[in-house]
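Data from coords08.cif: mmCIF, C-alpha atoms
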data_data
#
loop_
_atom_site.label_atom_id
_atom_site.label_comp_id
_atom_site.auth_asym_id
_atom_site.auth_seq_id
_atom_site.Cartn_x
_atom_site.Cartn_y
_atom_site.Cartn_z
CA GLN I 355 -12.16 -6.38 -17.21
CA VAL I 356 -9.57 -5.77 -14.53
CA GLN I 357 -10.46 -2.95 -12.18
CA LEU I 358 -8.38 -1.62 -9.34
CA VAL I 359 -9.67 1.14 -7.10
CA GLU I 360 -7.44 2.73 -4.50
CA SER I 361 -8.80 4.57 -1.49
CA GLY I 362 -7.67 5.87 1.86
CA GLY I 363 -5.34 8.64 0.81
CA GLY I 364 -5.40 12.09 2.34
CA LEU I 365 -3.52 14.55 4.48
CA VAL I 366 -1.63 13.23 7.48
CA GLN I 367 0.83 14.81 9.87
CA PRO I 368 4.44 13.67 10.06
CA GLY I 369 4.72 10.67 12.32
CA GLY I 370 1.16 9.64 11.58
CA SER I 371 -0.29 6.54 10.01
CA LEU I 372 -2.58 5.78 7.10
CA THR I 373 -3.98 2.63 5.58
CA LEU I 374 -4.64 2.43 1.86
CA SER I 375 -7.02 -0.04 0.25
CA CYS I 376 -7.01 -1.52 -3.21
CA ALA I 377 -10.32 -3.09 -4.21
CA ALA I 378 -9.85 -5.51 -7.08
CA SER I 379 -12.34 -7.01 -9.49
CA GLY I 380 -12.56 -8.58 -12.92
CA PHE I 381 -9.90 -11.24 -12.57
CA ALA I 382 -9.10 -14.48 -10.82
CA TRP I 383 -7.78 -13.42 -7.43
CA ASP I 384 -5.41 -16.36 -7.00
CA ALA I 385 -3.89 -15.97 -10.46
CA TYR I 386 -2.53 -12.46 -10.03
CA ALA I 387 0.01 -10.60 -8.00
CA ILE I 388 -0.94 -7.17 -6.69
CA GLY I 389 1.54 -4.46 -5.93
CA TRP I 390 1.66 -1.04 -4.36
CA TYR I 391 3.70 1.69 -6.04
CA ARG I 392 4.10 5.40 -5.56
CA GLN I 393 5.24 8.37 -7.56
CA ALA I 394 6.38 11.52 -5.86
CA PRO I 395 6.52 14.85 -7.70
CA GLY I 396 9.51 14.93 -10.00
CA LYS I 397 10.51 11.37 -9.22
CA GLU I 398 10.17 8.03 -10.92
CA ARG I 399 7.50 5.56 -9.88
CA GLU I 400 8.81 3.04 -7.36
CA GLY I 401 7.57 -0.32 -6.16
CA LEU I 402 6.83 -0.54 -2.45
CA SER I 403 5.23 -3.86 -1.68
CA CYS I 404 3.83 -6.74 -3.68
CA ILE I 405 1.76 -9.76 -2.70
CA SER I 406 0.91 -12.94 -4.54
CA GLY I 407 -2.70 -13.99 -4.83
CA ARG I 408 -1.58 -17.58 -5.22
CA ASP I 409 0.27 -18.13 -1.96
CA GLY I 410 0.28 -14.81 -0.13
CA SER I 411 4.03 -14.37 -0.43
CA THR I 412 5.09 -10.77 -0.05
CA TYR I 413 7.94 -8.46 -0.88
CA LEU I 414 8.63 -5.16 0.80
CA SER I 415 11.05 -2.58 -0.51
CA SER I 416 13.92 -1.73 1.79
CA SER I 417 12.92 1.93 1.49
CA VAL I 418 9.79 1.29 3.56
CA LYS I 419 10.63 -1.89 5.45
CA GLY I 420 9.66 -1.64 9.07
CA ARG I 421 7.20 1.18 8.41
CA PHE I 422 4.86 -0.17 5.73
CA PHE I 423 2.97 -3.46 5.84
CA VAL I 424 0.94 -5.20 3.14
CA SER I 425 -1.96 -7.54 3.72
CA ARG I 426 -4.92 -8.93 1.86
CA ASP I 427 -8.52 -9.87 2.52
CA ASN I 428 -9.42 -12.72 0.21
CA ALA I 429 -13.11 -12.49 1.00
CA ARG I 430 -13.21 -8.83 0.02
CA TYR I 431 -10.71 -9.04 -2.87
CA THR I 432 -8.86 -6.18 -1.27
CA VAL I 433 -5.20 -5.52 -0.60
CA TYR I 434 -4.14 -3.07 2.08
CA LEU I 435 -1.03 -0.99 2.59
CA GLN I 436 -0.61 0.06 6.19
CA MET I 437 1.77 2.98 6.46
CA THR I 438 3.26 4.15 9.73
CA SER I 439 5.80 6.76 10.87
CA LEU I 440 5.08 8.81 7.80
CA THR I 441 7.40 11.62 6.75
CA PRO I 442 7.08 14.36 4.15
CA ASP I 443 9.20 12.19 1.85
CA ASP I 444 6.29 9.77 1.69
CA THR I 445 4.15 12.37 -0.06
CA ALA I 446 3.18 10.86 -3.40
CA VAL I 447 0.40 9.40 -5.48
CA TYR I 448 0.03 5.77 -4.47
CA TYR I 449 -1.06 3.21 -7.03
CA CYS I 450 -1.99 -0.41 -6.93
CA ALA I 451 -1.37 -2.68 -9.88
CA ALA I 452 -2.12 -6.27 -10.83
CA ASP I 453 -0.48 -8.69 -13.20
CA PRO I 454 -0.73 -12.46 -13.66
CA ASN I 455 2.81 -12.71 -14.98
CA TYR I 456 4.25 -11.91 -11.57
CA VAL I 457 2.09 -14.19 -9.43
CA GLY I 458 5.13 -16.36 -8.77
CA SER I 459 7.65 -13.56 -8.30
CA VAL I 460 6.47 -10.67 -6.20
CA LYS I 461 9.99 -9.33 -5.76
CA ALA I 462 10.37 -9.01 -9.52
CA MET I 463 6.99 -7.32 -9.72
CA CYS I 464 8.03 -4.64 -7.28
CA ILE I 465 11.48 -4.09 -8.75
CA HIS I 466 10.86 -4.47 -12.48
CA GLY I 467 7.10 -4.33 -12.79
CA VAL I 468 7.02 -0.57 -12.55
CA TYR I 469 7.87 -0.63 -16.25
CA ASP I 470 5.55 -3.34 -17.54
CA VAL I 471 2.77 -4.27 -15.12
CA LEU I 472 -0.39 -4.68 -17.14
CA ASN I 473 -3.11 -3.17 -14.99
CA TRP I 474 -3.08 -0.01 -12.89
CA GLY I 475 -5.48 1.85 -10.69
CA LYS I 476 -5.88 5.60 -10.93
CA GLY I 477 -4.05 6.26 -7.70
CA THR I 478 -4.73 8.00 -4.42
CA LEU I 479 -2.83 11.02 -3.15
CA VAL I 480 -1.06 10.91 0.20
CA THR I 481 0.23 14.18 1.58
CA VAL I 482 2.36 14.21 4.69
CA SER I 483 2.55 17.71 6.10
CA SER I 484 2.11 19.64 9.29
#
Using structure tokens, write down the structure from this file.
Amino acid sequence: QVQLVESGGGLVQPGGSLTLSCAASGFAWDAYAIGWYRQAPGKEREGLSCISGRDGSTYLSSSVKGRFFVSRDNARYTVYLQMTSLTPDDTAVYYCAADPNYVGSVKAMCIHGVYDVLNWGKGTLVTVSS
């Protein structure tokens, strides 16, 4: 059974940094792509960054490029989202998701997968406020 558990959310001041973790279990690590998404109040869920378990290829949305960075720890089956220069607009619930159908196309997972990715975590809240 696929399980995804996000952690690391919390309250951070504008300009600050935060690193989120997504601990994955229940599936073959190298057969799935894992993505980070967020949903702000009153807004649609958006894809931020996706990474392939097969080859480590990554995609980063232009909305966070240069501020957010995705990485993985194969030994710990964990994917990280490092977030820097945070602003109040980054306040949202952040989710990680996994899907084998996108292992070869992380860009598609981030752009289109918000509608059909198979497996989702419960999310972690990030609040950027002074």
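Among the candidates I:Val447, I:Met463, I:Ala452, I:Leu479, the one nearest to I:Ala394 when counting all atoms listed in the file is I:Val447.
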*Write out as a PyMOL selection string each polymer residue whose atoms come within 7 Å of stretch 436-440 of chain I, counting all atoms listed in the file; drop sequence neighbours fewer than 2 positions from it.*
chain I and resi 368-374+421-424+434+442+444+482
*Given the file shown, enumerate the residues that the PyMOL selection byres ((chain I and resi 403-405) around 10) captures and present them as JSON, numbers by chain.*
{"I": [386, 387, 388, 389, 390, 391, 400, 401, 402, 406, 407, 408, 409, 410, 411, 412, 413, 414, 415, 416, 418, 419, 422, 423, 424, 425, 426, 433, 435, 450, 451, 452, 456, 457, 458, 459, 460, 461, 462, 463, 464, 465, 467]}
How would the residues just chosen look if you wrote them out with C-alpha atoms as a PDB file, in the frame of the given file?
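Heads up, here's the output in result.pdb:
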ATOM      1  CA  TYR I 386      -2.530 -12.460 -10.030  1.00  0.00           C
ATOM      2  CA  ALA I 387       0.010 -10.600  -8.000  1.00  0.00           C
ATOM      3  CA  ILE I 388      -0.940  -7.170  -6.690  1.00  0.00           C
ATOM      4  CA  GLY I 389       1.540  -4.460  -5.930  1.00  0.00           C
ATOM      5  CA  TRP I 390       1.660  -1.040  -4.360  1.00  0.00           C
ATOM      6  CA  TYR I 391       3.700   1.690  -6.040  1.00  0.00           C
ATOM      7  CA  GLU I 400       8.810   3.040  -7.360  1.00  0.00           C
ATOM      8  CA  GLY I 401       7.570  -0.320  -6.160  1.00  0.00           C
ATOM      9  CA  LEU I 402       6.830  -0.540  -2.450  1.00  0.00           C
ATOM     10  CA  SER I 406       0.910 -12.940  -4.540  1.00  0.00           C
ATOM     11  CA  GLY I 407      -2.700 -13.990  -4.830  1.00  0.00           C
ATOM     12  CA  ARG I 408      -1.580 -17.580  -5.220  1.00  0.00           C
ATOM     13  CA  ASP I 409       0.270 -18.130  -1.960  1.00  0.00           C
ATOM     14  CA  GLY I 410       0.280 -14.810  -0.130  1.00  0.00           C
ATOM     15  CA  SER I 411       4.030 -14.370  -0.430  1.00  0.00           C
ATOM     16  CA  THR I 412       5.090 -10.770  -0.050  1.00  0.00           C
ATOM     17  CA  TYR I 413       7.940  -8.460  -0.880  1.00  0.00           C
ATOM     18  CA  LEU I 414       8.630  -5.160   0.800  1.00  0.00           C
ATOM     19  CA  SER I 415      11.050  -2.580  -0.510  1.00  0.00           C
ATOM     20  CA  SER I 416      13.920  -1.730   1.790  1.00  0.00           C
ATOM     21  CA  VAL I 418       9.790   1.290   3.560  1.00  0.00           C
ATOM     22  CA  LYS I 419      10.630  -1.890   5.450  1.00  0.00           C
ATOM     23  CA  PHE I 422       4.860  -0.170   5.730  1.00  0.00           C
ATOM     24  CA  PHE I 423       2.970  -3.460   5.840  1.00  0.00           C
ATOM     25  CA  VAL I 424       0.940  -5.200   3.140  1.00  0.00           C
ATOM     26  CA  SER I 425      -1.960  -7.540   3.720  1.00  0.00           C
ATOM     27  CA  ARG I 426      -4.920  -8.930   1.860  1.00  0.00           C
ATOM     28  CA  VAL I 433      -5.200  -5.520  -0.600  1.00  0.00           C
ATOM     29  CA  LEU I 435      -1.030  -0.990   2.590  1.00  0.00           C
ATOM     30  CA  CYS I 450      -1.990  -0.410  -6.930  1.00  0.00           C
ATOM     31  CA  ALA I 451      -1.370  -2.680  -9.880  1.00  0.00           C
ATOM     32  CA  ALA I 452      -2.120  -6.270 -10.830  1.00  0.00           C
ATOM     33  CA  TYR I 456       4.250 -11.910 -11.570  1.00  0.00           C
ATOM     34  CA  VAL I 457       2.090 -14.190  -9.430  1.00  0.00           C
ATOM     35  CA  GLY I 458       5.130 -16.360  -8.770  1.00  0.00           C
ATOM     36  CA  SER I 459       7.650 -13.560  -8.300  1.00  0.00           C
ATOM     37  CA  VAL I 460       6.470 -10.670  -6.200  1.00  0.00           C
ATOM     38  CA  LYS I 461       9.990  -9.330  -5.760  1.00  0.00           C
ATOM     39  CA  ALA I 462      10.370  -9.010  -9.520  1.00  0.00           C
ATOM     40  CA  MET I 463       6.990  -7.320  -9.720  1.00  0.00           C
ATOM     41  CA  CYS I 464       8.030  -4.640  -7.280  1.00  0.00           C
ATOM     42  CA  ILE I 465      11.480  -4.090  -8.750  1.00  0.00           C
ATOM     43  CA  GLY I 467       7.100  -4.330 -12.790  1.00  0.00           C
TER      44      GLY I 467
END
*Counting only C-alpha atoms, note down every residue that has an atom within 10 Å of the point (-7.2, -10.8, -13.0) (file coordinates), as a PyMOL selection string.*
chain I and resi 355-358+378-388+407+452-454+473
Listed atoms of stretch 373-384 of chain I boxed axis-aligned with 3 Å per side, centre + edges as lines of an AutoDock Vina configuration file:
center_x = -8.3
center_y = -6.9
center_z = -3.7
size_x = 14.6
size_y = 25.0
size_z = 24.5
*What gap, in Å, lies between atom CA of I:Ser483 and atom CA of I:Gly396?*
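We find that atom CA of I:Ser483 and atom CA of I:Gly396 lie 17.8 Å from each other.
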*Nearest to I:Pro395 among I:Asp470, I:Ser417, I:Asp427, I:Ala446, with distances taken over all atoms listed in the file: which residue is it?*
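Using all atoms listed in the file, the shortest distance to I:Pro395 belongs to I:Ala446.
Counting from atom CA of I:Val468, the distance to atom CA of I:Thr445 is 18.2 Å.
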*Quick one: distance from atom CA of I:Gly420 to atom CA of I:Gly477 in Å, one decimal?*
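Those two atoms sit 23.1 Å apart.
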*May I have the residues at most 8 Å from (-10.0, 0.7, -7.2) in the file's coordinates, counting only C-alpha atoms, as a list in words?*
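Residues with an atom at most 8 Å from (-10.0, 0.7, -7.2): Gln357, Leu358, Val359, Glu360, Ser361, Cys376, Ala377, Ala378, Gly475 and Lys476 of chain I.
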_With the PyMOL selection byres ((chain I and resi 364) around 8) as the selection, what would be picked from this file? Answer as a PyMOL selection string, please._
chain I and resi 362-363+365-366+478-481
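The shortest atom-to-atom distance to I:Arg399, with only C-alpha atoms taken into account, belongs to I:Tyr469 out of I:Ala429, I:Gln367, I:Thr441, I:Tyr469.
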